[in-house]
file my_file.cif (mmCIF, C-alpha atoms)
data_structure
loop_
_atom_site.label_atom_id
_atom_site.label_comp_id
_atom_site.auth_asym_id
_atom_site.auth_seq_id
_atom_site.Cartn_x
_atom_site.Cartn_y
_atom_site.Cartn_z
CA MET A 245 28.65 -14.01 -6.67
CA GLU A 246 31.97 -15.92 -6.72
CA PHE A 247 33.40 -16.89 -3.34
CA SER A 248 37.01 -17.69 -2.62
CA SER A 249 35.97 -20.07 0.15
CA LYS A 250 33.30 -22.77 0.35
CA LEU A 251 32.90 -22.21 4.10
CA LEU A 252 32.20 -18.54 3.48
CA GLU A 253 29.79 -19.34 0.67
CA LYS A 254 27.83 -21.76 2.85
CA ALA A 255 27.57 -19.30 5.73
CA VAL A 256 26.41 -16.54 3.37
CA ASN A 257 23.85 -18.84 1.75
CA GLU A 258 22.37 -19.87 5.09
CA MET A 259 22.32 -16.29 6.32
CA SER A 260 20.53 -15.09 3.19
CA GLN A 261 17.66 -17.51 3.88
CA LEU A 262 16.48 -15.08 6.56
CA PRO A 263 13.70 -12.69 5.48
CA GLY A 264 14.92 -9.33 4.20
CA ILE A 265 18.56 -10.46 4.13
CA GLY A 266 19.95 -10.62 0.60
CA LYS A 267 23.28 -12.10 -0.49
CA ARG A 268 25.16 -8.81 -0.15
CA THR A 269 23.83 -8.08 3.34
CA ALA A 270 24.55 -11.67 4.37
CA LEU A 271 28.14 -11.29 3.17
CA ARG A 272 28.51 -8.05 5.14
CA LEU A 273 27.19 -9.72 8.31
CA VAL A 274 29.38 -12.80 7.92
CA LEU A 275 32.52 -10.72 7.25
CA HIS A 276 31.67 -8.68 10.36
CA LEU A 277 31.60 -11.90 12.42
CA LEU A 278 34.99 -12.86 10.95
CA LYS A 279 36.50 -9.60 12.21
CA GLN A 280 35.07 -10.03 15.72
CA PRO A 281 36.41 -12.40 18.41
CA LYS A 282 35.41 -16.04 17.91
CA GLU A 283 33.20 -15.91 21.01
CA GLN A 284 30.68 -13.66 19.30
CA THR A 285 29.97 -16.27 16.64
CA THR A 286 29.86 -19.02 19.26
CA PHE A 287 27.40 -17.08 21.43
CA LEU A 288 25.19 -16.20 18.47
CA SER A 289 25.06 -19.78 17.16
CA GLN A 290 24.56 -21.28 20.59
CA SER A 291 21.78 -18.91 21.58
CA LEU A 292 19.94 -19.58 18.31
CA LEU A 293 20.28 -23.35 18.79
CA ASN A 294 19.16 -23.20 22.43
CA MET A 295 16.24 -21.01 21.55
CA ARG A 296 15.05 -23.24 18.73
CA GLU A 297 15.51 -26.41 20.76
CA ASP A 298 14.16 -25.45 24.18
CA ILE A 299 11.58 -22.74 23.70
CA LYS A 300 8.01 -23.64 24.69
CA PHE A 301 4.61 -22.29 23.79
CA CYS A 302 2.22 -21.59 26.65
CA GLU A 303 -0.42 -24.37 26.85
CA SER A 304 -3.16 -21.87 27.49
CA CYS A 305 -2.49 -18.81 25.29
CA HIS A 306 0.20 -20.14 22.88
CA ASN A 307 2.54 -17.26 23.72
CA ILE A 308 6.27 -18.03 23.74
CA SER A 309 7.46 -19.06 27.17
CA ASP A 310 10.25 -20.84 29.04
CA VAL A 311 7.72 -22.83 31.08
CA GLU A 312 4.51 -24.80 30.38
CA VAL A 313 2.17 -21.96 31.33
CA CYS A 314 3.43 -18.44 30.61
CA GLU A 315 3.86 -15.71 33.22
CA ILE A 316 0.78 -13.82 32.08
CA CYS A 317 -1.52 -16.86 32.20
CA SER A 318 -0.19 -17.96 35.59
CA ASN A 319 -0.51 -14.47 37.11
CA LYS A 320 -3.51 -14.54 39.50
CA ASN A 321 -3.74 -10.76 39.61
CA ARG A 322 -4.80 -10.60 35.98
CA ASP A 323 -8.40 -10.80 34.81
CA HIS A 324 -8.75 -14.30 33.35
CA GLN A 325 -12.26 -13.55 32.10
CA LEU A 326 -10.98 -10.89 29.69
CA ILE A 327 -9.28 -12.42 26.63
CA CYS A 328 -7.45 -10.42 23.97
CA VAL A 329 -7.03 -12.22 20.63
CA VAL A 330 -3.79 -11.31 18.79
CA GLU A 331 -1.95 -12.58 15.73
CA ASP A 332 1.55 -12.86 17.01
CA ILE A 333 3.73 -12.75 20.11
CA ARG A 334 5.02 -9.36 18.96
CA ASP A 335 1.50 -8.02 19.45
CA VAL A 336 1.48 -9.35 23.02
CA MET A 337 4.74 -7.47 23.64
CA ALA A 338 3.33 -4.29 22.08
CA ILE A 339 0.13 -4.37 24.16
CA GLU A 340 2.04 -5.27 27.35
CA ASN A 341 4.25 -2.21 26.76
CA THR A 342 1.20 0.07 26.90
CA GLY A 343 0.43 -1.10 30.44
CA GLN A 344 -3.31 -0.65 29.67
CA PHE A 345 -4.39 -4.29 29.55
CA LYS A 346 -4.85 -6.45 32.62
CA GLY A 347 -6.53 -9.49 31.04
CA ILE A 348 -4.97 -12.50 29.32
CA TYR A 349 -4.08 -13.15 25.68
CA HIS A 350 -4.75 -15.74 23.02
CA VAL A 351 -2.10 -15.89 20.29
CA LEU A 352 -3.50 -17.22 16.98
CA GLY A 353 -0.13 -17.55 15.27
CA GLY A 354 -1.27 -15.67 12.16
CA LYS A 355 -4.47 -14.74 10.37
CA ILE A 356 -6.65 -16.48 7.82
CA SER A 357 -5.11 -15.75 4.42
CA PRO A 358 -6.08 -18.06 1.55
CA ILE A 359 -3.51 -16.38 -0.75
CA ASP A 360 -0.68 -17.46 1.58
CA GLY A 361 -2.32 -20.86 2.08
CA VAL A 362 -3.23 -20.18 5.71
CA GLY A 363 -6.62 -21.58 6.70
CA PRO A 364 -8.37 -21.69 10.09
CA SER A 365 -6.93 -25.15 10.86
CA GLN A 366 -3.36 -23.80 10.85
CA LEU A 367 -4.25 -21.24 13.51
CA LYS A 368 -5.02 -21.74 17.20
CA ILE A 369 -8.72 -21.02 16.71
CA SER A 370 -10.27 -24.26 18.00
CA SER A 371 -8.61 -23.97 21.40
CA LEU A 372 -9.96 -20.41 21.69
CA VAL A 373 -13.49 -21.52 20.81
CA GLU A 374 -13.27 -24.36 23.36
CA LYS A 375 -12.04 -21.95 26.02
CA ILE A 376 -15.03 -19.68 25.37
CA LYS A 377 -17.57 -22.51 25.15
CA SER A 378 -16.44 -23.74 28.57
CA GLY A 379 -17.97 -20.46 29.80
CA ASN A 380 -15.07 -18.98 31.74
CA ALA A 381 -14.74 -15.79 29.72
CA ARG A 382 -16.68 -12.54 30.07
CA GLU A 383 -15.30 -10.52 27.16
CA LEU A 384 -13.31 -11.22 24.02
CA ILE A 385 -11.30 -8.36 22.47
CA PHE A 386 -10.24 -8.74 18.83
CA ALA A 387 -6.85 -7.02 18.40
CA LEU A 388 -5.87 -8.17 14.90
CA SER A 389 -4.45 -5.96 12.15
CA SER A 390 -7.02 -3.80 10.42
CA THR A 391 -6.65 -5.58 7.08
CA MET A 392 -8.85 -7.78 4.93
CA GLU A 393 -7.22 -10.89 6.50
CA GLY A 394 -7.58 -9.55 10.02
CA ASP A 395 -11.28 -8.74 9.49
CA THR A 396 -11.88 -12.19 7.94
CA THR A 397 -10.28 -13.89 10.93
CA ASN A 398 -12.30 -11.78 13.37
CA PHE A 399 -15.50 -12.67 11.57
CA TYR A 400 -14.66 -16.38 11.36
CA ILE A 401 -14.12 -16.55 15.12
CA TYR A 402 -17.18 -14.40 15.80
CA LYS A 403 -19.43 -16.77 13.80
CA GLN A 404 -18.26 -19.72 15.89
CA ILE A 405 -18.96 -18.11 19.25
CA GLN A 406 -21.96 -15.92 18.53
CA ASP A 407 -24.29 -18.23 20.44
CA CYS A 408 -22.10 -18.11 23.54
CA ASP A 409 -22.84 -15.77 26.39
CA ILE A 410 -19.87 -13.46 25.84
CA ILE A 411 -19.26 -9.81 24.98
CA THR A 412 -17.12 -9.31 21.86
CA SER A 413 -15.28 -6.09 21.04
CA THR A 414 -12.53 -4.86 18.74
CA ILE A 415 -9.82 -2.36 19.56
CA ALA A 416 -10.75 1.18 18.47
CA ARG A 417 -9.84 2.30 14.95
CA GLY A 418 -9.26 6.02 14.58
CA ILE A 419 -6.78 8.84 14.17
CA SER A 420 -3.35 8.02 15.63
CA VAL A 421 -2.22 10.20 18.51
CA GLY A 422 -0.13 13.03 17.04
CA ASP A 423 -1.61 12.70 13.53
CA GLU A 424 -2.86 15.63 11.49
CA LEU A 425 -6.50 15.22 10.47
CA GLU A 426 -5.98 16.35 6.88
CA TYR A 427 -3.64 13.43 6.12
CA ALA A 428 -5.91 10.72 7.57
CA ASP A 429 -7.62 8.41 5.09
CA GLU A 430 -11.41 8.63 4.67
CA VAL A 431 -12.25 5.25 6.15
CA THR A 432 -10.26 5.86 9.32
CA LEU A 433 -11.62 9.38 9.72
CA GLY A 434 -15.17 8.16 9.04
CA ARG A 435 -14.88 5.45 11.67
CA SER A 436 -13.35 7.81 14.19
CA ILE A 437 -16.45 10.02 13.92
CA LEU A 438 -18.86 7.08 13.98
CA HIS A 439 -17.19 5.66 17.09
CA ARG A 440 -16.59 8.93 18.91
CA VAL A 441 -16.20 8.66 22.68
CA PRO A 442 -17.56 10.93 25.45
CA PHE A 443 -15.03 13.72 25.93
CA GLU A 444 -14.53 13.01 29.63
CA ASN A 445 -13.49 9.43 28.73
CA SER A 446 -10.86 10.62 26.27
CA PHE A 447 -8.30 11.67 28.87
CA LYS A 448 -8.92 8.80 31.31
CA SER A 449 -6.67 5.79 31.32
CA ASN A 450 -8.28 2.45 32.21
CA MET B 1290 11.40 -4.45 25.05
CA GLU B 1291 9.93 -7.02 27.47
CA PHE B 1292 10.35 -10.66 26.51
CA SER B 1293 8.21 -13.53 27.72
CA SER B 1294 11.17 -15.90 27.39
CA LYS B 1295 14.83 -15.61 28.42
CA LEU B 1296 15.89 -17.89 25.55
CA LEU B 1297 14.18 -15.61 23.06
CA GLU B 1298 15.68 -12.52 24.68
CA LYS B 1299 19.20 -13.96 24.52
CA ALA B 1300 18.85 -14.93 20.85
CA VAL B 1301 17.50 -11.48 19.98
CA ASN B 1302 20.30 -9.76 21.90
CA GLU B 1303 23.00 -11.77 20.14
CA MET B 1304 21.38 -11.22 16.75
CA SER B 1305 21.17 -7.46 17.30
CA GLN B 1306 24.96 -7.30 17.80
CA LEU B 1307 25.27 -7.63 14.02
CA PRO B 1308 25.75 -4.33 12.14
CA GLY B 1309 22.54 -2.76 10.87
CA ILE B 1310 20.33 -5.20 12.79
CA GLY B 1311 18.33 -3.49 15.52
CA LYS B 1312 16.28 -5.16 18.24
CA ARG B 1313 13.08 -5.17 16.19
CA THR B 1314 14.71 -6.68 13.11
CA ALA B 1315 16.48 -9.24 15.29
CA LEU B 1316 13.13 -10.25 16.81
CA ARG B 1317 11.60 -10.61 13.34
CA LEU B 1318 14.50 -12.82 12.19
CA VAL B 1319 14.42 -14.98 15.33
CA LEU B 1320 10.63 -15.44 15.14
CA HIS B 1321 11.05 -16.43 11.51
CA LEU B 1322 13.52 -19.14 12.54
CA LEU B 1323 11.01 -20.36 15.14
CA LYS B 1324 8.37 -20.84 12.45
CA GLN B 1325 10.75 -22.77 10.15
CA PRO B 1326 11.84 -26.40 10.60
CA LYS B 1327 14.52 -26.90 13.26
CA GLU B 1328 17.06 -27.87 10.58
CA GLN B 1329 17.24 -24.32 9.26
CA THR B 1330 18.49 -23.02 12.61
CA THR B 1331 20.88 -25.95 12.93
CA PHE B 1332 22.33 -25.38 9.45
CA LEU B 1333 22.67 -21.64 10.01
CA SER B 1334 24.40 -22.01 13.39
CA GLN B 1335 26.63 -24.80 12.20
CA SER B 1336 27.74 -23.03 9.05
CA LEU B 1337 28.59 -19.88 11.02
CA LEU B 1338 30.59 -21.89 13.56
CA ASN B 1339 32.43 -23.86 10.87
CA MET B 1340 33.20 -20.71 8.94
CA ARG B 1341 34.54 -18.87 12.00
CA GLU B 1342 36.55 -21.85 13.17
CA ASP B 1343 38.07 -23.21 9.97
CA ILE B 1344 38.38 -20.33 7.53
CA LYS B 1345 41.94 -19.38 6.58
CA PHE B 1346 43.51 -16.25 5.20
CA CYS B 1347 45.83 -16.68 2.23
CA GLU B 1348 49.45 -16.42 3.40
CA SER B 1349 50.35 -14.33 0.42
CA CYS B 1350 47.48 -11.92 -0.26
CA HIS B 1351 45.39 -12.24 2.97
CA ASN B 1352 42.27 -13.04 0.99
CA ILE B 1353 39.82 -15.48 2.59
CA SER B 1354 40.52 -19.03 1.54
CA ASP B 1355 39.93 -22.68 2.48
CA VAL B 1356 43.62 -23.50 1.92
CA GLU B 1357 46.98 -21.94 2.90
CA VAL B 1358 47.49 -20.17 -0.43
CA CYS B 1359 44.34 -18.98 -2.19
CA GLU B 1360 43.25 -20.03 -5.67
CA ILE B 1361 44.24 -16.71 -7.20
CA CYS B 1362 47.75 -16.68 -5.72
CA SER B 1363 48.37 -20.31 -6.66
CA ASN B 1364 47.14 -19.86 -10.22
CA LYS B 1365 50.19 -19.90 -12.50
CA ASN B 1366 48.31 -18.35 -15.39
CA ARG B 1367 47.94 -15.06 -13.54
CA ASP B 1368 50.48 -12.26 -13.69
CA HIS B 1369 52.24 -12.39 -10.31
CA GLN B 1370 54.14 -9.18 -11.06
CA LEU B 1371 50.95 -7.12 -11.16
CA ILE B 1372 49.55 -6.49 -7.67
CA CYS B 1373 46.21 -4.83 -6.95
CA VAL B 1374 45.86 -3.38 -3.44
CA VAL B 1375 42.31 -3.54 -2.06
CA GLU B 1376 40.66 -2.88 1.30
CA ASP B 1377 38.50 -5.90 1.68
CA ILE B 1378 37.73 -9.34 0.27
CA ARG B 1379 34.49 -7.90 -1.11
CA ASP B 1380 36.61 -5.73 -3.41
CA VAL B 1381 38.44 -8.81 -4.66
CA MET B 1382 35.07 -10.37 -5.49
CA ALA B 1383 33.91 -7.19 -7.23
CA ILE B 1384 37.06 -6.90 -9.37
CA GLU B 1385 37.06 -10.64 -10.16
CA ASN B 1386 33.48 -10.27 -11.40
CA THR B 1387 34.59 -7.73 -14.02
CA GLY B 1388 36.92 -10.32 -15.59
CA GLN B 1389 39.32 -7.45 -16.49
CA PHE B 1390 42.13 -8.19 -14.05
CA LYS B 1391 44.66 -10.98 -14.50
CA GLY B 1392 47.16 -10.09 -11.78
CA ILE B 1393 47.09 -10.93 -8.07
CA TYR B 1394 45.66 -9.06 -5.08
CA HIS B 1395 46.80 -7.79 -1.73
CA VAL B 1396 44.01 -7.38 0.84
CA LEU B 1397 44.82 -4.72 3.46
CA GLY B 1398 41.88 -5.53 5.71
CA GLY B 1399 40.77 -1.89 5.96
CA LYS B 1400 42.17 1.59 5.49
CA ILE B 1401 44.05 3.98 7.74
CA SER B 1402 41.42 5.86 9.76
CA PRO B 1403 42.57 7.58 12.96
CA ILE B 1404 38.95 8.42 13.88
CA ASP B 1405 38.08 4.71 14.01
CA GLY B 1406 41.41 3.94 15.73
CA VAL B 1407 42.83 2.10 12.71
CA GLY B 1408 46.54 2.77 12.17
CA PRO B 1409 49.00 1.26 9.64
CA SER B 1410 50.03 -1.47 12.09
CA GLN B 1411 46.51 -2.96 12.12
CA LEU B 1412 46.60 -3.36 8.34
CA LYS B 1413 48.59 -5.78 6.20
CA ILE B 1414 50.91 -3.04 4.94
CA SER B 1415 54.28 -4.37 6.08
CA SER B 1416 53.88 -7.66 4.22
CA LEU B 1417 53.02 -5.70 1.06
CA VAL B 1418 56.10 -3.48 1.42
CA GLU B 1419 58.28 -6.57 1.97
CA LYS B 1420 56.79 -8.25 -1.09
CA ILE B 1421 57.62 -5.18 -3.20
CA LYS B 1422 61.11 -4.69 -1.73
CA SER B 1423 61.95 -8.29 -2.61
CA GLY B 1424 61.68 -7.00 -6.19
CA ASN B 1425 59.22 -9.46 -7.68
CA ALA B 1426 56.58 -6.94 -8.66
CA ARG B 1427 56.39 -4.80 -11.79
CA GLU B 1428 53.29 -2.70 -11.08
CA LEU B 1429 51.19 -1.85 -8.05
CA ILE B 1430 47.58 -0.75 -8.62
CA PHE B 1431 45.87 1.11 -5.78
CA ALA B 1432 42.16 0.19 -5.81
CA LEU B 1433 40.97 1.68 -2.53
CA SER B 1434 37.82 3.75 -2.03
CA SER B 1435 38.07 7.31 -3.25
CA THR B 1436 37.74 8.79 0.24
CA MET B 1437 40.02 10.73 2.56
CA GLU B 1438 40.97 7.47 4.34
CA GLY B 1439 41.57 5.66 1.05
CA ASP B 1440 43.80 8.47 -0.25
CA THR B 1441 45.73 8.57 3.05
CA THR B 1442 46.35 4.83 2.89
CA ASN B 1443 47.48 5.04 -0.75
CA PHE B 1444 49.90 7.82 0.11
CA TYR B 1445 51.25 6.02 3.20
CA ILE B 1446 52.07 2.94 1.14
CA TYR B 1447 53.44 5.03 -1.73
CA LYS B 1448 55.89 6.81 0.61
CA GLN B 1449 57.28 3.49 1.80
CA ILE B 1450 57.93 2.09 -1.67
CA GLN B 1451 58.79 5.20 -3.66
CA ASP B 1452 62.46 4.23 -3.83
CA CYS B 1453 61.65 0.80 -5.20
CA ASP B 1454 61.80 0.06 -8.91
CA ILE B 1455 58.05 -0.31 -9.42
CA ILE B 1456 55.30 1.40 -11.36
CA THR B 1457 52.43 2.62 -9.18
CA SER B 1458 48.97 3.45 -10.49
CA THR B 1459 45.46 4.02 -9.20
CA ILE B 1460 42.23 2.88 -10.76
CA ALA B 1461 40.64 5.58 -12.94
CA ARG B 1462 38.24 8.03 -11.33
CA GLY B 1463 35.63 9.44 -13.66
CA ILE B 1464 32.04 9.45 -14.80
CA SER B 1465 30.28 6.10 -14.15
CA VAL B 1466 29.09 4.23 -17.21
CA GLY B 1467 25.45 5.22 -17.79
CA ASP B 1468 25.69 8.47 -15.79
CA GLU B 1469 24.41 11.81 -17.02
CA LEU B 1470 27.12 14.47 -17.11
CA GLU B 1471 24.99 17.21 -15.56
CA TYR B 1472 24.57 15.27 -12.30
CA ALA B 1473 28.28 14.45 -11.82
CA ASP B 1474 30.11 16.32 -9.07
CA GLU B 1475 32.79 18.86 -10.04
CA VAL B 1476 35.79 16.93 -8.71
CA THR B 1477 34.86 13.76 -10.56
CA LEU B 1478 34.08 15.60 -13.78
CA GLY B 1479 37.30 17.64 -13.47
CA ARG B 1480 39.39 14.51 -13.02
CA SER B 1481 37.68 12.75 -15.89
CA ILE B 1482 38.75 15.59 -18.21
CA LEU B 1483 42.26 15.75 -16.78
CA HIS B 1484 42.73 12.00 -17.19
CA ARG B 1485 41.02 11.63 -20.55
CA VAL B 1486 42.02 8.59 -22.59
CA PRO B 1487 42.65 8.26 -26.32
CA PHE B 1488 39.30 7.56 -27.97
CA GLU B 1489 40.44 4.33 -29.60
CA ASN B 1490 41.34 2.97 -26.14
CA SER B 1491 37.90 3.70 -24.72
CA PHE B 1492 36.15 0.80 -26.40
CA LYS B 1493 38.94 -1.73 -26.01
CA SER B 1494 38.85 -4.25 -23.19
CA ASN B 1495 42.21 -5.26 -21.71
#
call {"tool": "encode", "arguments": {"input": "my_file.cif", "output": "C-alpha cells"}}
result
Amino acid sequence: MEFSSKLLEKAVNEMSQLPGIGKRTALRLVLHLLKQPKEQTTFLSQSLLNMREDIKFCESCHNISDVEVCEICSNKNRDHQLICVVEDIRDVMAIENTGQFKGIYHVLGGKISPIDGVGPSQLKISSLVEKIKSGNARELIFALSSTMEGDTTNFYIYKQIQDCDIITSTIARGISVGDELEYADEVTLGRSILHRVPFENSFKSN
Amino acid sequence: MEFSSKLLEKAVNEMSQLPGIGKRTALRLVLHLLKQPKEQTTFLSQSLLNMREDIKFCESCHNISDVEVCEICSNKNRDHQLICVVEDIRDVMAIENTGQFKGIYHVLGGKISPIDGVGPSQLKISSLVEKIKSGNARELIFALSSTMEGDTTNFYIYKQIQDCDIITSTIARGISVGDELEYADEVTLGRSILHRVPFENSFKSN
C-alpha cells in the first residue's frame, strides 16, 4: 500500500497492530477520524493513554480496577468464602451480568498453554493457592473455558490444593438454553445426561 | 455492559465510536493494549494525534499530503491536462497501484447523496469546475462508484462543464478480470457488449 502522507502511513501502521485490524480496516478507521472533528481523535487518544497509564489491578483478585482493592472484593455483602476462578476480566463481566453469583473472583490472566508459551508462572496461580492455603475459602468454582487448555489449568490448580480442606466444583457443561438437542455434540450431550439435575432444581434460581 | 473501571469504560466508549467497532470489539482491542508494553499505546495515541493535527490536504487535488501541494500534483512528468475525478483518497491509492494512470487526480471527498445529507456544496466540486473553466484540462475521467449516488455526482459535474472545451469519459464498466460470464448481472454484461473494444486493444496496456 502506497501512502501519500507519512503521517497517515504511521497512523495506519500503528492502528493495524491491533488484533483483527488489517491495513485496509486501519485505513478506513483513520480516514473516518480525519472526517470527524479534531476532538474525537483527542478524546480517543487521551482516554487510551489515561487508561494504560493509570489503570490498576485489584490486589486480591487481579481484576481491573480504579482503586487498590476492587469493588467486588471490598463489598462486605458478598460471600468471601466462595471463590470463582476465571481466565479474564471479560469473564468477570459476563458472570456479573447473570446476577447469579454472590461470591468473589480470582482472575488468572489466561490459561496454561504451552503452544502459546504460557506456563503456570505467567498466571496468577500462586496467589490463589496461597489464598486457599490460608484457609479462608469454603468453595472454589472453576469457570474456565471448556477447552484442552482450560481443563489443564483446572487440573494444575486442583493438584496444588487437593490436600486443603476446600470444596472444588466446575460450572455445569450441558445443552445451551434454547438449543435443539439434535445439533448438540456427543460429548456435551453425554455430560448433560451424566450430570442431570433434579427437575425441581431446574427452574430455581440461586 | 458493566465495567469495573471508569478508565476502561471511557476507553472502550471512545473506541466504539469508530465505524464497525462495537462495544465488545472495542473491549477486546483495549484489553489487548493493556497486555502489551505501554509504548504501544503511546505510539498509537501519538500517531493518531499527530496525523489529525498536522495532516494537510493538497491545495490542488484535495488529496491527503504532508505538504501544500501533493507529490502527484507537483510531479512534472505527469500529464496535468488529464484529470481523474475520484470520491476518496483510497481511490487514488487504488488507481496509483495499477500503474496505468499518468494524469492527476481530483478528490471530491464523497458523492452527492441526499439521504445522507451530502449535497454538492459539501464536496470539492466548485474547485474542479473552476479548474476546468480556466481551460487547462484536455480530458476529465469520471472514476466514481457505479452506484446511483456516483452516477448522480457524475451527471451534476457534467452539466456544469458541458459547455467547456473538454473531453469527458468514465472508466469502463464490464466483466471483472477472472469472472465467469454466467454469474455476471444483466446490466454489467449488457454494457460490456455495448462498449466492446477492438480485440487488439484488449491486451495492450496504456
call {"tool": "closest_residue", "arguments": {"input": "my_file.cif", "among": "B:Asp1440, B:Asp1454, B:Asp1368, B:Asp1380", "to": "chain A", "atoms": "all atoms listed in the file"}}
result
B:Asp1380
call {"tool": "atom_distance", "arguments": {"input": "my_file.cif", "atom1": "CA of Val1418 (chain B)", "atom2": "CA of Phe1346 (chain B)"}}
result
18.3 Å
call {"tool": "resolve_selection", "arguments": {"input": "my_file.cif", "expression": "the PyMOL selection byres ((chain B) within 8 of (chain A))", "output": "number ranges by chain"}}
result
B: 1290-1297, 1299-1300, 1303-1304, 1307-1308, 1318-1319, 1321-1323, 1327, 1329-1344, 1352-1355, 1359-1360, 1382, 1386
call {"tool": "residues_around", "arguments": {"input": "my_file.cif", "residues": "Gly1392 (chain B)", "least_positions_apart": "3", "cutoff": "8 Å", "atoms": "only C-alpha atoms", "output": "ChimeraX atom specification"}}
result
/B:1367-1373
call {"tool": "closest_residue", "arguments": {"input": "my_file.cif", "among": "B:Val1358, B:Ile1404, B:Ala1432, B:Leu1397", "to": "Ile1384 (chain B)", "atoms": "only C-alpha atoms"}}
result
B:Ala1432
call {"tool": "atom_distance", "arguments": {"input": "my_file.cif", "atom1": "CA of Tyr349 (chain A)", "atom2": "CA of Cys317 (chain A)"}}
result
7.9 Å
call {"tool": "resolve_selection", "arguments": {"input": "my_file.cif", "expression": "the PyMOL selection byres ((chain A and resi 408) around 10)", "output": "compact mmCIF listing (two decimals) with C-alpha atoms, keeping the file's coordinate frame"}}
result
# COMPACT_ATOMS: atom_id res chain seq x y z
CA VAL A 373 -13.49 -21.52 20.81
CA ILE A 376 -15.03 -19.68 25.37
CA LYS A 377 -17.57 -22.51 25.15
CA SER A 378 -16.44 -23.74 28.57
CA GLY A 379 -17.97 -20.46 29.80
CA ALA A 381 -14.74 -15.79 29.72
CA TYR A 402 -17.18 -14.40 15.80
CA GLN A 404 -18.26 -19.72 15.89
CA ILE A 405 -18.96 -18.11 19.25
CA GLN A 406 -21.96 -15.92 18.53
CA ASP A 407 -24.29 -18.23 20.44
CA ASP A 409 -22.84 -15.77 26.39
CA ILE A 410 -19.87 -13.46 25.84
CA ILE A 411 -19.26 -9.81 24.98
call {"tool": "resolve_selection", "arguments": {"input": "my_file.cif", "expression": "the PyMOL selection byres ((chain B and resi 1463) around 6)", "output": "PyMOL selection string"}}
result
chain B and resi 1462+1464+1477+1481
call {"tool": "residues_around", "arguments": {"input": "my_file.cif", "residues": "Pro1409 (chain B)", "least_positions_apart": "4", "cutoff": "12 Å", "atoms": "all atoms listed in the file", "output": "MDAnalysis selection string"}}
result
chainID B and resid 1397:1403 1413:1418 1438 1441:1446 1449
call {"tool": "write_last_selection", "arguments": {"input": "my_file.cif", "atoms": "C-alpha atoms", "output": "PDB file, in the coordinates of the input"}}
result
ATOM      1  CA  LEU B1397      44.820  -4.720   3.460  1.00  0.00           C
ATOM      2  CA  GLY B1398      41.880  -5.530   5.710  1.00  0.00           C
ATOM      3  CA  GLY B1399      40.770  -1.890   5.960  1.00  0.00           C
ATOM      4  CA  LYS B1400      42.170   1.590   5.490  1.00  0.00           C
ATOM      5  CA  ILE B1401      44.050   3.980   7.740  1.00  0.00           C
ATOM      6  CA  SER B1402      41.420   5.860   9.760  1.00  0.00           C
ATOM      7  CA  PRO B1403      42.570   7.580  12.960  1.00  0.00           C
ATOM      8  CA  LYS B1413      48.590  -5.780   6.200  1.00  0.00           C
ATOM      9  CA  ILE B1414      50.910  -3.040   4.940  1.00  0.00           C
ATOM     10  CA  SER B1415      54.280  -4.370   6.080  1.00  0.00           C
ATOM     11  CA  SER B1416      53.880  -7.660   4.220  1.00  0.00           C
ATOM     12  CA  LEU B1417      53.020  -5.700   1.060  1.00  0.00           C
ATOM     13  CA  VAL B1418      56.100  -3.480   1.420  1.00  0.00           C
ATOM     14  CA  GLU B1438      40.970   7.470   4.340  1.00  0.00           C
ATOM     15  CA  THR B1441      45.730   8.570   3.050  1.00  0.00           C
ATOM     16  CA  THR B1442      46.350   4.830   2.890  1.00  0.00           C
ATOM     17  CA  ASN B1443      47.480   5.040  -0.750  1.00  0.00           C
ATOM     18  CA  PHE B1444      49.900   7.820   0.110  1.00  0.00           C
ATOM     19  CA  TYR B1445      51.250   6.020   3.200  1.00  0.00           C
ATOM     20  CA  ILE B1446      52.070   2.940   1.140  1.00  0.00           C
ATOM     21  CA  GLN B1449      57.280   3.490   1.800  1.00  0.00           C
TER      22      GLN B1449
END
call {"tool": "atom_distance", "arguments": {"input": "my_file.cif", "atom1": "CA of Ser1491 (chain B)", "atom2": "CA of Ser1434 (chain B)"}}
result
22.7 Å
call {"tool": "residues_around", "arguments": {"input": "my_file.cif", "residues": "Leu433 (chain A)", "least_positions_apart": "3", "cutoff": "12 Å", "atoms": "only C-alpha atoms", "output": "MDAnalysis selection string"}}
result
chainID A and resid 417:420 423:430 436:440
call {"tool": "closest_residue", "arguments": {"input": "my_file.cif", "among": "A:Val362, A:Val330, A:Val431, A:Cys302", "to": "Thr414 (chain A)", "atoms": "only C-alpha atoms"}}
result
A:Val330
call {"tool": "axis_aligned_box", "arguments": {"input": "my_file.cif", "around": "region 1406-1417 of chain B", "padding_each_side": "6 Å", "output": "JSON"}}
result
{"center_x": 47.8, "center_y": -1.9, "center_z": 8.4, "size_x": 24.9, "size_y": 23.6, "size_z": 26.7}
